[in-house]
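With TSV, C-alpha atoms inside, this is target_33.tsv:
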chain	number	residue	atom	x	y	z
A	21	MET	CA	-23.17	-17.72	-16.20
A	22	GLY	CA	-19.75	-18.53	-17.64
A	23	LEU	CA	-17.57	-21.57	-17.66
A	24	GLU	CA	-16.35	-22.74	-14.30
A	25	GLY	CA	-13.12	-21.00	-13.42
A	26	SER	CA	-13.43	-18.46	-16.24
A	27	GLU	CA	-13.75	-15.50	-13.87
A	28	LYS	CA	-10.51	-13.68	-13.32
A	29	LYS	CA	-9.37	-13.81	-9.70
A	30	PRO	CA	-8.71	-10.30	-8.35
A	31	ARG	CA	-5.12	-9.52	-7.56
A	32	LYS	CA	-4.46	-9.26	-3.87
A	33	ILE	CA	-2.37	-6.40	-2.52
A	34	ILE	CA	-0.97	-5.95	0.95
A	35	LEU	CA	-0.71	-2.43	2.36
A	36	MET	CA	2.22	-1.69	4.68
A	37	GLY	CA	3.27	1.57	6.27
A	38	ARG	CA	3.51	3.51	9.52
A	39	SER	CA	0.51	4.27	11.70
A	40	SER	CA	-1.73	7.02	10.35
A	41	VAL	CA	-0.32	7.09	6.81
A	42	GLY	CA	-3.78	6.35	5.41
A	43	LYS	CA	-3.63	2.67	4.42
A	44	THR	CA	-7.22	1.90	5.44
A	45	THR	CA	-8.50	5.17	3.99
A	46	LEU	CA	-6.69	4.41	0.72
A	47	LEU	CA	-8.35	1.01	0.63
A	48	GLN	CA	-11.77	2.60	1.28
A	49	ALA	CA	-11.18	4.97	-1.65
A	50	MET	CA	-10.09	2.10	-3.91
A	51	HIS	CA	-13.27	0.20	-2.98
A	52	LYS	CA	-15.39	3.35	-3.55
A	53	GLU	CA	-16.58	3.22	0.08
A	54	VAL	CA	-17.49	6.12	2.32
A	55	ILE	CA	-14.26	7.47	3.80
A	56	GLU	CA	-14.29	7.14	7.56
A	57	TYR	CA	-11.45	6.84	10.02
A	58	LYS	CA	-10.87	3.33	11.29
A	59	LYS	CA	-7.86	2.33	13.35
A	60	THR	CA	-6.62	-1.02	12.07
A	61	GLN	CA	-5.94	-3.19	15.13
A	62	GLU	CA	-5.19	-6.46	13.37
A	63	ILE	CA	-4.45	-7.82	9.92
A	64	ILE	CA	-7.67	-7.51	7.94
A	65	VAL	CA	-8.05	-9.70	4.86
A	66	HIS	CA	-10.35	-8.75	1.97
A	67	ASP	CA	-10.82	-10.59	-1.33
A	68	ASP	CA	-8.41	-8.19	-3.03
A	69	ALA	CA	-6.37	-6.70	-0.19
A	70	ILE	CA	-4.66	-7.24	3.13
A	71	ASP	CA	-4.63	-4.24	5.48
A	72	THR	CA	-1.95	-4.25	8.17
A	73	PRO	CA	-1.71	-2.22	11.39
A	74	GLY	CA	0.87	0.57	11.25
A	75	GLU	CA	2.48	-0.76	14.40
A	76	TYR	CA	3.77	-3.67	12.32
A	77	ILE	CA	6.11	-1.19	10.60
A	78	ASP	CA	6.55	1.22	13.52
A	79	GLN	CA	8.03	-1.55	15.66
A	80	SER	CA	10.82	-3.47	13.97
A	81	GLY	CA	10.11	-6.57	16.05
A	82	LEU	CA	6.78	-6.88	14.22
A	83	TRP	CA	8.16	-6.67	10.67
A	84	ARG	CA	7.98	-10.45	10.47
A	85	ALA	CA	4.19	-10.25	10.75
A	86	CYS	CA	4.08	-8.12	7.58
A	87	ILE	CA	6.49	-10.43	5.83
A	88	THR	CA	4.42	-13.49	6.72
A	89	ALA	CA	1.13	-11.82	5.72
A	90	ALA	CA	2.66	-10.81	2.37
A	91	CYS	CA	2.88	-14.49	1.40
A	92	ASP	CA	-0.85	-14.33	0.60
A	93	ALA	CA	-0.54	-11.23	-1.60
A	94	ASP	CA	0.37	-10.76	-5.25
A	95	ILE	CA	1.70	-7.21	-4.86
A	96	VAL	CA	3.24	-5.39	-1.89
A	97	VAL	CA	2.16	-1.75	-1.55
A	98	LEU	CA	4.37	0.37	0.70
A	99	VAL	CA	2.56	3.52	1.84
A	100	HIS	CA	3.86	6.85	3.17
A	101	ASP	CA	1.96	10.09	3.61
A	102	ALA	CA	2.99	13.44	2.17
A	103	GLY	CA	3.96	15.94	4.84
A	104	ASN	CA	5.32	13.28	7.21
A	105	GLY	CA	9.06	13.77	7.55
A	106	MET	CA	9.69	10.56	9.48
A	107	GLY	CA	10.32	7.34	7.61
A	108	ARG	CA	10.15	3.94	9.26
A	109	LEU	CA	10.23	1.58	6.32
A	110	PRO	CA	13.49	-0.38	6.31
A	111	GLN	CA	15.91	0.45	3.52
A	112	MET	CA	15.43	-1.93	0.59
A	113	PHE	CA	12.57	-3.68	2.41
A	114	SER	CA	11.33	-4.71	-1.05
A	115	MET	CA	14.19	-7.23	-1.26
A	116	THR	CA	12.35	-9.27	1.38
A	117	PHE	CA	9.54	-10.09	-1.02
A	118	ALA	CA	9.66	-12.22	-4.15
A	119	LYS	CA	6.91	-10.13	-5.72
A	120	PRO	CA	6.45	-6.62	-7.06
A	121	THR	CA	6.69	-3.87	-4.45
A	122	ILE	CA	5.20	-0.52	-5.39
A	123	GLY	CA	4.98	2.71	-3.42
A	124	VAL	CA	2.01	4.97	-2.80
A	125	VAL	CA	2.22	8.48	-1.41
A	126	THR	CA	-1.05	9.33	0.32
A	127	LYS	CA	-2.57	12.62	1.50
A	128	ILE	CA	-1.12	14.66	-1.37
A	129	ASP	CA	-4.02	17.13	-1.33
A	130	GLY	CA	-2.82	20.54	-0.14
A	131	LYS	CA	0.81	19.41	0.16
A	132	SER	CA	3.79	21.04	-1.51
A	133	GLU	CA	5.85	19.30	-4.17
A	134	GLU	CA	8.73	19.17	-1.69
A	135	GLU	CA	6.61	17.38	0.94
A	136	ILE	CA	5.43	14.86	-1.64
A	137	GLU	CA	9.00	14.26	-2.85
A	138	VAL	CA	10.18	13.54	0.72
A	139	ALA	CA	7.54	10.80	0.99
A	140	GLU	CA	8.49	9.46	-2.46
A	141	ASN	CA	12.14	9.28	-1.39
A	142	PHE	CA	11.29	7.26	1.73
A	143	LEU	CA	9.40	4.79	-0.47
A	144	LYS	CA	12.18	4.62	-3.06
A	145	MET	CA	14.78	3.97	-0.32
A	146	ALA	CA	12.58	1.06	0.80
A	147	GLY	CA	12.83	-0.28	-2.76
A	148	ALA	CA	9.34	0.58	-4.00
A	149	ARG	CA	9.12	1.01	-7.78
A	150	PRO	CA	7.23	2.83	-9.15
A	151	VAL	CA	5.86	5.34	-6.65
A	152	LEU	CA	2.35	6.67	-7.30
A	153	ARG	CA	0.65	9.70	-5.74
A	154	THR	CA	-2.88	9.61	-4.29
A	155	SER	CA	-5.48	11.47	-2.28
A	156	ALA	CA	-8.33	9.39	-0.90
A	157	TYR	CA	-10.35	12.54	-0.22
A	158	THR	CA	-10.10	14.15	-3.67
A	159	GLY	CA	-9.79	10.85	-5.54
A	160	GLU	CA	-6.62	11.99	-7.26
A	161	GLY	CA	-4.53	9.06	-8.42
A	162	ILE	CA	-6.93	6.36	-7.15
A	163	ASP	CA	-8.12	5.17	-10.58
A	164	GLU	CA	-4.54	5.21	-11.86
A	165	LEU	CA	-3.43	3.08	-8.89
A	166	ILE	CA	-6.22	0.57	-9.48
A	167	GLU	CA	-5.39	0.38	-13.19
A	168	PHE	CA	-1.69	-0.06	-12.44
A	169	ILE	CA	-2.40	-2.93	-10.02
A	170	GLU	CA	-4.74	-4.62	-12.50
A	171	ASN	CA	-2.23	-4.40	-15.36
A	172	LEU	CA	1.09	-5.02	-13.60
A	173	ASP	CA	3.00	-7.87	-15.22
A	174	LEU	CA	3.56	-10.46	-12.50
A	175	THR	CA	5.48	-12.92	-14.68
A	176	ASP	CA	8.89	-11.54	-13.69
A	177	TYR	CA	8.41	-12.49	-10.05
Render the structure in this file as structure tokens.
Amino acid sequence: MGLEGSEKKPRKIILMGRSSVGKTTLLQAMHKEVIEYKKTQEIIVHDDAIDTPGEYIDQSGLWRACITAACDADIVVLVHDAGNGMGRLPQMFSMTFAKPTIGVVTKIDGKSEEEIEVAENFLKMAGARPVLRTSAYTGEGIDELIEFIENLDLTDY
């Protein structure tokens, strides 16, 4: 038992991206849970993360819901899947948030470099910096993402 308040509060991320880009699956991989498909129907708040429905990005009239939910997060994580040639994230969406906005390309397993780069470009156009690559199924990039989130300097925001 330590001193009261000596435990470090986990950083809270918010995941935003189109439907079926793998936000919930990414979160399951980060939490070392069994990967199983779950359709996110509402904003789901965890101790260290906020998971948003893809419809909140798919439908521009719902962007405000993501913006409002992001107030409770330390870091915005914009997500796009490799192999998906349709981007829905608004250009320079990151400018909406007074906090770091990073990008994560999901589903990189079995995808070509070109497919991954298309997803990276969608995230960069939305203002995400840096953009990291992950696969929830192989585990590639998951530990690096967690480490990046834990060590990101938040003092500039």
Discussion item. Taking 6 positions as the minimum chain separation for residues in the same chain, which residues sit within 12 Å of A:Glu167 when counting only C-alpha atoms? Answer as a list in words.
Written reply: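 Close residues of A:Glu167: Arg31, Met50, Leu152, Gly161 and Asp173 of chain A.
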Practice prompt. Can you work out which one of A:Gly107, A:Gly123, A:Gly81, A:Gly130 has the shortest atom-to-atom distance to A:Arg38, counting all atoms listed in the file?
Written response: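 Nearest candidate to A:Arg38 out of A:Gly107, A:Gly123, A:Gly81, A:Gly130: A:Gly107.
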Discussion item. Measuring between only C-alpha atoms, which one of A:Val97, A:Ile122, A:Ala90, A:Leu109 shows the shortest distance to A:Ser39?
Written reply: A:Leu109
Item to complete: Select, from A:Ala156, A:Ile77, A:Ile34, A:Val138, the residue with the minimum atom-to-atom distance to A:Leu46, counting all atoms listed in the file.
Response: A:Ala156
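Of the listed residues (A:Lys29, A:Lys58, A:Lys127, A:Lys144), A:Lys144 comes nearest to A:Pro110; the distances count only C-alpha atoms.
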Fill in: Exercise: A:Val125 partners within 9 Å, all atoms listed in the file, chain neighbours under 2 positions left out, as a VMD selection string
chain A and resid 41 98 to 102 123 127 to 128 136 139 to 140 143 151 to 155
Suppose we keep C-alpha atoms; can you now write the selection as a short mmCIF file (atom, residue, chain, number, x, y, z; two decimals), in the coordinates of the input?
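In the end it all went to again-v1.cif:
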data_model
loop_
_atom_site.label_atom_id
_atom_site.label_comp_id
_atom_site.auth_asym_id
_atom_site.auth_seq_id
_atom_site.Cartn_x
_atom_site.Cartn_y
_atom_site.Cartn_z
CA VAL A 41 -0.32 7.09 6.81
CA LEU A 98 4.37 0.37 0.70
CA VAL A 99 2.56 3.52 1.84
CA HIS A 100 3.86 6.85 3.17
CA ASP A 101 1.96 10.09 3.61
CA ALA A 102 2.99 13.44 2.17
CA GLY A 123 4.98 2.71 -3.42
CA LYS A 127 -2.57 12.62 1.50
CA ILE A 128 -1.12 14.66 -1.37
CA ILE A 136 5.43 14.86 -1.64
CA ALA A 139 7.54 10.80 0.99
CA GLU A 140 8.49 9.46 -2.46
CA LEU A 143 9.40 4.79 -0.47
CA VAL A 151 5.86 5.34 -6.65
CA LEU A 152 2.35 6.67 -7.30
CA ARG A 153 0.65 9.70 -5.74
CA THR A 154 -2.88 9.61 -4.29
CA SER A 155 -5.48 11.47 -2.28
#
Worksheet item: Nearest to A:Pro30: which of A:Ile169, A:Ala89, A:Val54, A:Met145 is it, counting all atoms listed in the file?
Response: A:Ile169
Fill in: Contacts of stretch 175-177 of chain A at 8 Å (all atoms listed in the file; same-chain gap of 6+ positions) as an MDAnalysis selection string
chainID A and resid 118:120
